[in-house]
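What follows is one structure encoded as structure tokens, with my remarks underneath.
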Amino acid sequence: MTVLAQPGRQSAPPYADRAHPDPAPLLPDPEPYRVLGGPAEPDAPLWLELYRRLVTGRRFNEQVTALTRQGRLAVYPSSTGQEACQIAAALAPADRDWLFPSYRDTLAAVARGVDPVQALTLLRGDWHNGYDPHTHRVAPLCTPLATQLPHAVGLAHAARLKGDDVVALALVGDGGTSEGDFHEALNFAAVWRAPVVFLVQNNGFAISVPLAKQTAAPSIAHKAVGYGMPGRLVDGNDAPAVHHVLTEAIGRARSGAGPTLVEALTYRIDAHTTADDAGRYRSEAEVAAWRAHDPITLLERELRRHGLLTDTETQRATEAGERLARQVREALADDPPLTPAALFSHVYAEPTAQLREQTARLRAELEAESARTPDLPEHAR
């Protein structure tokens with residue numbers, strides 16, 4: 001017998017300050033939302049722009065992966081196969097909105113306008129971040145899992161308090177949803193009704209751990225109900241569908257209706273990073289099945305079915321990809337001169353006493369090394 005069912009008890013406590021939202025509108029649809037292959041008329045300008053960006057993005061991933069194997073970068077977490085999520089995430093927000101990427105979202109940052117070489121600086125090992133986040137409103141690529149999510153909520157909440165019409169779009173992988181930061185971010189966002197959208201790119205694996213070993217929930221999108229926000233499930237390889245769902249969620253957040261959790265079902269075709277052997281935990285047959293659901297192939301097929309894509313347009317997209325690849329190759333051909341003292345730059349607006357002490361110690365060591373080695377290059381002093 002429960003406390004509330006005891007004899008003589010007249011009614012349950014009022015819980016006057018407790019919210020009781022109807023969970024039904026928050027639940028995701030049983031099947032992922034799709035556009036391609038459906039009855040909807042194509043938005044030709046948008047679909048063609050998505051196609052061009054997908055082709056260019058695929059070439060970017062291929063080129064950077066090749067350069068990493070040549071030793072030009074320390075490591076690269078490719079988003080090959082996930083380009084629809086990357087490009088939609090770059091195009092759906094307004095220019096005034098903020099994008100909070102994870103370490104796998106280099107392509108999203110580049111598609112948002114960040115210089116590709118600056119976007120790759122972190123992965124090259126030169127700086128913690130190679131670009132000014134304020135220029136394109138792209139937060140630094142985040143290597144620790146899910147720590148960018150509370151940052152996105154904080155920025156969105158602060159923007160609303162200031163009266164700024166800004167929405168934050170935060171990207172995370174399925175593995176990141178197992179982190180405490182994911183819970184904290186969604187909980188704060190829902191309670192504060194912060195103008196933020198969470199995009200989970202569920203690519204099937206957290207490195208080698210499949211989703212079934214991370215969660216027993218029907219889907220990641222279902223987790224939204226527990227926080228009091230709507231969950232949306234979308235085919236992450238259907239670029240127009242991802243763009244539509246994100247645009248709708250961003251509009252909802254901008255109107256003051258609060259956050260949305262979007263789960264995009266996609267697949268990581270390449271290994272977790274260039275340092276990973278994916279053959280140890282998944283089969284070639286599984287990869288081949290997802291290659292048949294390639295985001296570029298899906299969109300190209302639909303564009304041609306509607307007579308919207310010509311060979312000329314395909315060639316233009318290919319050439320744009322080659323131009324980007326050439327730009328990256330040429331820029332990464334030489335190692336940039338790095339100044340050891342710059343290690344302490346941009347850590348704090350005003351250096352702390354400890355930081356000043358460390359800077360002085362490094363300067364003394366460099367001066368001693370310079371005295372012992374007169375031919376030491378200037379930038380290394």
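Labeling convention for the structure tokens: chains A, B, ... as they appear, residues from 1 per chain, ligands from 1 in order of appearance.
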Next on the checklist: Give me the residues near Ala190 in chain A as a PyMOL selection string, where near means some atom within 9 Å (using only C-alpha atoms) and where sequence neighbours in that chain fewer than 5 positions away do not count.
Outcome noted: chain A and resi 185+227-229+258-260
Could you pull out all residues of range 216-344 of chain A with a DSSP call of strand (DSSP E or B) and give them as a PDB file with all heavy atoms, in the first residue's frame?
ATOM      1  N   GLY A 231      10.931  15.869 -28.806  1.00  0.00           N
ATOM      2  CA  GLY A 231      11.971  15.121 -29.481  1.00  0.00           C
ATOM      3  C   GLY A 231      11.574  14.879 -30.925  1.00  0.00           C
ATOM      4  O   GLY A 231      10.420  14.561 -31.203  1.00  0.00           O
ATOM      5  N   ARG A 232      12.518  15.038 -31.832  1.00  0.00           N
ATOM      6  CA  ARG A 232      12.258  14.794 -33.255  1.00  0.00           C
ATOM      7  C   ARG A 232      13.238  13.756 -33.767  1.00  0.00           C
ATOM      8  O   ARG A 232      14.429  13.795 -33.451  1.00  0.00           O
ATOM      9  CB  ARG A 232      12.415  16.088 -34.080  1.00  0.00           C
ATOM     10  CG  ARG A 232      11.426  17.182 -33.770  1.00  0.00           C
ATOM     11  CD  ARG A 232       9.987  16.799 -34.097  1.00  0.00           C
ATOM     12  NE  ARG A 232       9.834  16.301 -35.452  1.00  0.00           N
ATOM     13  CZ  ARG A 232       9.623  17.073 -36.523  1.00  0.00           C
ATOM     14  NH1 ARG A 232       9.590  18.398 -36.395  1.00  0.00           N
ATOM     15  NH2 ARG A 232       9.458  16.546 -37.714  1.00  0.00           N
ATOM     16  N   LEU A 233      12.729  12.834 -34.559  1.00  0.00           N
ATOM     17  CA  LEU A 233      13.531  11.783 -35.158  1.00  0.00           C
ATOM     18  C   LEU A 233      13.539  12.011 -36.659  1.00  0.00           C
ATOM     19  O   LEU A 233      12.479  12.160 -37.281  1.00  0.00           O
ATOM     20  CB  LEU A 233      12.919  10.422 -34.831  1.00  0.00           C
ATOM     21  CG  LEU A 233      13.751   9.158 -35.066  1.00  0.00           C
ATOM     22  CD1 LEU A 233      15.029   9.179 -34.244  1.00  0.00           C
ATOM     23  CD2 LEU A 233      12.922   7.919 -34.749  1.00  0.00           C
ATOM     24  N   VAL A 234      14.732  12.057 -37.265  1.00  0.00           N
ATOM     25  CA  VAL A 234      14.838  12.376 -38.686  1.00  0.00           C
ATOM     26  C   VAL A 234      15.871  11.475 -39.338  1.00  0.00           C
ATOM     27  O   VAL A 234      16.832  11.027 -38.696  1.00  0.00           O
ATOM     28  CB  VAL A 234      15.210  13.873 -38.874  1.00  0.00           C
ATOM     29  CG1 VAL A 234      16.572  14.180 -38.263  1.00  0.00           C
ATOM     30  CG2 VAL A 234      15.189  14.266 -40.351  1.00  0.00           C
ATOM     31  N   ASP A 235      15.655  11.178 -40.607  1.00  0.00           N
ATOM     32  CA  ASP A 235      16.638  10.441 -41.405  1.00  0.00           C
ATOM     33  C   ASP A 235      17.825  11.372 -41.639  1.00  0.00           C
ATOM     34  O   ASP A 235      17.740  12.333 -42.394  1.00  0.00           O
ATOM     35  CB  ASP A 235      16.011  10.020 -42.740  1.00  0.00           C
ATOM     36  CG  ASP A 235      16.951   9.171 -43.595  1.00  0.00           C
ATOM     37  OD1 ASP A 235      18.179   9.212 -43.363  1.00  0.00           O
ATOM     38  OD2 ASP A 235      16.462   8.466 -44.498  1.00  0.00           O
ATOM     39  N   THR A 260      14.549  22.017 -28.391  1.00  0.00           N
ATOM     40  CA  THR A 260      14.133  20.785 -29.063  1.00  0.00           C
ATOM     41  C   THR A 260      15.329  19.853 -29.144  1.00  0.00           C
ATOM     42  O   THR A 260      16.457  20.303 -29.371  1.00  0.00           O
ATOM     43  CB  THR A 260      13.610  21.064 -30.486  1.00  0.00           C
ATOM     44  OG1 THR A 260      12.513  21.975 -30.431  1.00  0.00           O
ATOM     45  CG2 THR A 260      13.159  19.777 -31.171  1.00  0.00           C
ATOM     46  N   LEU A 261      15.083  18.571 -28.957  1.00  0.00           N
ATOM     47  CA  LEU A 261      16.117  17.550 -29.140  1.00  0.00           C
ATOM     48  C   LEU A 261      15.845  16.826 -30.450  1.00  0.00           C
ATOM     49  O   LEU A 261      14.797  16.210 -30.630  1.00  0.00           O
ATOM     50  CB  LEU A 261      16.103  16.554 -27.982  1.00  0.00           C
ATOM     51  CG  LEU A 261      17.031  15.331 -28.111  1.00  0.00           C
ATOM     52  CD1 LEU A 261      18.487  15.758 -28.176  1.00  0.00           C
ATOM     53  CD2 LEU A 261      16.814  14.352 -26.968  1.00  0.00           C
ATOM     54  N   VAL A 262      16.784  16.922 -31.385  1.00  0.00           N
ATOM     55  CA  VAL A 262      16.658  16.286 -32.694  1.00  0.00           C
ATOM     56  C   VAL A 262      17.671  15.142 -32.782  1.00  0.00           C
ATOM     57  O   VAL A 262      18.866  15.356 -32.558  1.00  0.00           O
ATOM     58  CB  VAL A 262      16.901  17.292 -33.837  1.00  0.00           C
ATOM     59  CG1 VAL A 262      16.806  16.589 -35.189  1.00  0.00           C
ATOM     60  CG2 VAL A 262      15.921  18.453 -33.760  1.00  0.00           C
ATOM     61  N   GLU A 263      17.188  13.968 -33.103  1.00  0.00           N
ATOM     62  CA  GLU A 263      18.080  12.834 -33.344  1.00  0.00           C
ATOM     63  C   GLU A 263      18.079  12.517 -34.835  1.00  0.00           C
ATOM     64  O   GLU A 263      17.032  12.213 -35.420  1.00  0.00           O
ATOM     65  CB  GLU A 263      17.641  11.598 -32.572  1.00  0.00           C
ATOM     66  CG  GLU A 263      18.529  10.376 -32.846  1.00  0.00           C
ATOM     67  CD  GLU A 263      18.026   9.100 -32.199  1.00  0.00           C
ATOM     68  OE1 GLU A 263      16.959   9.125 -31.560  1.00  0.00           O
ATOM     69  OE2 GLU A 263      18.696   8.058 -32.374  1.00  0.00           O
ATOM     70  N   ALA A 264      19.248  12.601 -35.448  1.00  0.00           N
ATOM     71  CA  ALA A 264      19.404  12.294 -36.864  1.00  0.00           C
ATOM     72  C   ALA A 264      20.069  10.936 -37.000  1.00  0.00           C
ATOM     73  O   ALA A 264      21.201  10.737 -36.537  1.00  0.00           O
ATOM     74  CB  ALA A 264      20.231  13.373 -37.560  1.00  0.00           C
ATOM     75  N   LEU A 265      19.370   9.987 -37.609  1.00  0.00           N
ATOM     76  CA  LEU A 265      19.913   8.644 -37.803  1.00  0.00           C
ATOM     77  C   LEU A 265      20.796   8.630 -39.042  1.00  0.00           C
ATOM     78  O   LEU A 265      20.323   8.786 -40.165  1.00  0.00           O
ATOM     79  CB  LEU A 265      18.773   7.638 -37.951  1.00  0.00           C
ATOM     80  CG  LEU A 265      17.827   7.529 -36.745  1.00  0.00           C
ATOM     81  CD1 LEU A 265      16.688   6.564 -37.049  1.00  0.00           C
ATOM     82  CD2 LEU A 265      18.588   7.092 -35.503  1.00  0.00           C
TER      83      LEU A 265
END
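CA of Ala88 in chain A is found 23.7 Å from CA of Asp311 in chain A.
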Original post:
Counting only C-alpha atoms, what is within 8 Å of range 195-202 of chain A, bar same-chain residues fewer than 3 positions away, as a ChimeraX atom specification?
Top reply: /A:82,85,149,152-153,156-157,160,166-174,177,189,205,236,246,249-250,253-254,256-267
Check your understanding: DSSP says alpha helix (DSSP H) for which residues of range 218-286 of chain A? Put them as JSON, numbers by chain?
Key -> {"A": [223, 224, 225, 226, 227, 239, 240, 241, 242, 243, 244, 245, 246, 247, 248, 249, 250, 251, 252, 253, 254, 284, 285, 286]}
Could the residues in this selection be saved with N, CA and C atoms as a JSON list (two decimals), in the first residue's frame?
[["chain", "number", "residue", "atom", "x", "y", "z"],
["A", 223, "LYS", "N", 14.37, 10.59, -25.17],
["A", 223, "LYS", "CA", 14.89, 11.15, -23.93],
["A", 223, "LYS", "C", 14.38, 12.58, -23.70],
["A", 224, "ALA", "N", 13.98, 13.25, -24.77],
["A", 224, "ALA", "CA", 13.51, 14.63, -24.65],
["A", 224, "ALA", "C", 12.32, 14.74, -23.70],
["A", 225, "VAL", "N", 11.46, 13.73, -23.70],
["A", 225, "VAL", "CA", 10.24, 13.78, -22.88],
["A", 225, "VAL", "C", 10.59, 13.93, -21.41],
["A", 226, "GLY", "N", 11.65, 13.26, -20.97],
["A", 226, "GLY", "CA", 12.04, 13.33, -19.57],
["A", 226, "GLY", "C", 12.46, 14.72, -19.13],
["A", 227, "TYR", "N", 12.80, 15.57, -20.08],
["A", 227, "TYR", "CA", 13.21, 16.93, -19.76],
["A", 227, "TYR", "C", 12.11, 17.95, -20.01],
["A", 239, "ALA", "N", 19.11, 15.07, -46.63],
["A", 239, "ALA", "CA", 19.52, 16.45, -46.37],
["A", 239, "ALA", "C", 18.34, 17.42, -46.27],
["A", 240, "PRO", "N", 17.36, 17.39, -47.19],
["A", 240, "PRO", "CA", 16.22, 18.30, -47.05],
["A", 240, "PRO", "C", 15.42, 18.05, -45.77],
["A", 241, "ALA", "N", 15.31, 16.79, -45.36],
["A", 241, "ALA", "CA", 14.58, 16.47, -44.14],
["A", 241, "ALA", "C", 15.28, 17.03, -42.91],
["A", 242, "VAL", "N", 16.61, 16.86, -42.83],
["A", 242, "VAL", "CA", 17.36, 17.40, -41.69],
["A", 242, "VAL", "C", 17.25, 18.91, -41.66],
["A", 243, "HIS", "N", 17.37, 19.53, -42.83],
["A", 243, "HIS", "CA", 17.27, 20.99, -42.91],
["A", 243, "HIS", "C", 15.90, 21.46, -42.45],
["A", 244, "HIS", "N", 14.85, 20.76, -42.87],
["A", 244, "HIS", "CA", 13.49, 21.14, -42.50],
["A", 244, "HIS", "C", 13.28, 21.03, -40.99],
["A", 245, "VAL", "N", 13.69, 19.92, -40.40],
["A", 245, "VAL", "CA", 13.49, 19.71, -38.97],
["A", 245, "VAL", "C", 14.28, 20.73, -38.15],
["A", 246, "LEU", "N", 15.52, 21.00, -38.55],
["A", 246, "LEU", "CA", 16.32, 21.98, -37.83],
["A", 246, "LEU", "C", 15.75, 23.38, -37.97],
["A", 247, "THR", "N", 15.32, 23.73, -39.18],
["A", 247, "THR", "CA", 14.74, 25.06, -39.40],
["A", 247, "THR", "C", 13.48, 25.24, -38.55],
["A", 248, "GLU", "N", 12.68, 24.21, -38.48],
["A", 248, "GLU", "CA", 11.45, 24.25, -37.67],
["A", 248, "GLU", "C", 11.79, 24.39, -36.18],
["A", 249, "ALA", "N", 12.78, 23.63, -35.72],
["A", 249, "ALA", "CA", 13.17, 23.68, -34.30],
["A", 249, "ALA", "C", 13.80, 25.02, -33.95],
["A", 250, "ILE", "N", 14.59, 25.57, -34.86],
["A", 250, "ILE", "CA", 15.20, 26.88, -34.62],
["A", 250, "ILE", "C", 14.12, 27.96, -34.56],
["A", 251, "GLY", "N", 13.14, 27.87, -35.46],
["A", 251, "GLY", "CA", 12.03, 28.82, -35.43],
["A", 251, "GLY", "C", 11.25, 28.72, -34.13],
["A", 252, "ARG", "N", 11.05, 27.52, -33.67],
["A", 252, "ARG", "CA", 10.33, 27.31, -32.41],
["A", 252, "ARG", "C", 11.09, 27.93, -31.24],
["A", 253, "ALA", "N", 12.41, 27.70, -31.22],
["A", 253, "ALA", "CA", 13.23, 28.27, -30.15],
["A", 253, "ALA", "C", 13.22, 29.79, -30.21],
["A", 254, "ARG", "N", 13.29, 30.34, -31.41],
["A", 254, "ARG", "CA", 13.32, 31.80, -31.57],
["A", 254, "ARG", "C", 12.01, 32.44, -31.11],
["A", 284, "GLU", "N", 32.05, -5.33, -43.06],
["A", 284, "GLU", "CA", 32.03, -4.64, -44.35],
["A", 284, "GLU", "C", 30.61, -4.64, -44.93],
["A", 285, "ALA", "N", 29.87, -5.71, -44.66],
["A", 285, "ALA", "CA", 28.49, -5.79, -45.15],
["A", 285, "ALA", "C", 27.64, -4.67, -44.56],
["A", 286, "GLU", "N", 27.86, -4.37, -43.29],
["A", 286, "GLU", "CA", 27.11, -3.29, -42.65],
["A", 286, "GLU", "C", 27.44, -1.95, -43.29]]
Do you know which residues are at most 9 Å from Asp294 in chain A counting only C-alpha atoms, after dropping those on the same chain fewer than 2 positions away, and could you put them as a PyMOL selection string? chain A and resi 81-82+237-238+290-292+296-299
For Ala342 in chain A, the closest of A:Trp127, A:Arg193, A:Gly176, A:Ala84 counting only C-alpha atoms is A:Trp127
Val64 in chain A: which residues within 9 Å, counting only C-alpha atoms, same-chain residues fewer than 4 positions away excluded, as a ChimeraX atom specification?
/A:59-60,68-69,72-73,76,78,120,325,328-329
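The nearest approach to Leu338 in chain A among the residues A:Pro230, A:Arg301, A:Gly180, A:Gly125, with only C-alpha atoms taken into account, belongs to A:Gly125.
The smallest atom-to-atom distance between Tyr281 in chain A and any of A:Ala217, A:Ile207, A:Leu27, A:Ala212, using only C-alpha atoms, is found for A:Ile207.
CA of Arg53 in chain A sits 7.6 Å away from CA of Ala111 in chain A.
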Computed gap from CA of Asn203 in chain A to CA of Arg268 in chain A is 5.3 Å
From the list A:His183, A:Arg58, A:Arg356, A:His272, the nearest residue to Pro295 in chain A using only C-alpha atoms is A:Arg58
inquiry  = Need the shell around Val347 in chain A: protein/DNA/RNA residues with any atom at most 12 Å away, counting only C-alpha atoms. Skip same-chain ones fewer than 6 positions apart. Format as an MDAnalysis selection string?
reply    = chainID A and resid 127:129 354:356 359
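Between Thr318 in chain A and the residues A:Thr373, A:Ser219, A:Gly57, A:Asp95, the shortest atom-to-atom distance, using only C-alpha atoms, involves A:Gly57.
Proximity of A:Gln327, A:Glu369, A:Ala74, A:Asp126 to Leu343 in chain A, computed with only C-alpha atoms, is greatest for A:Asp126.
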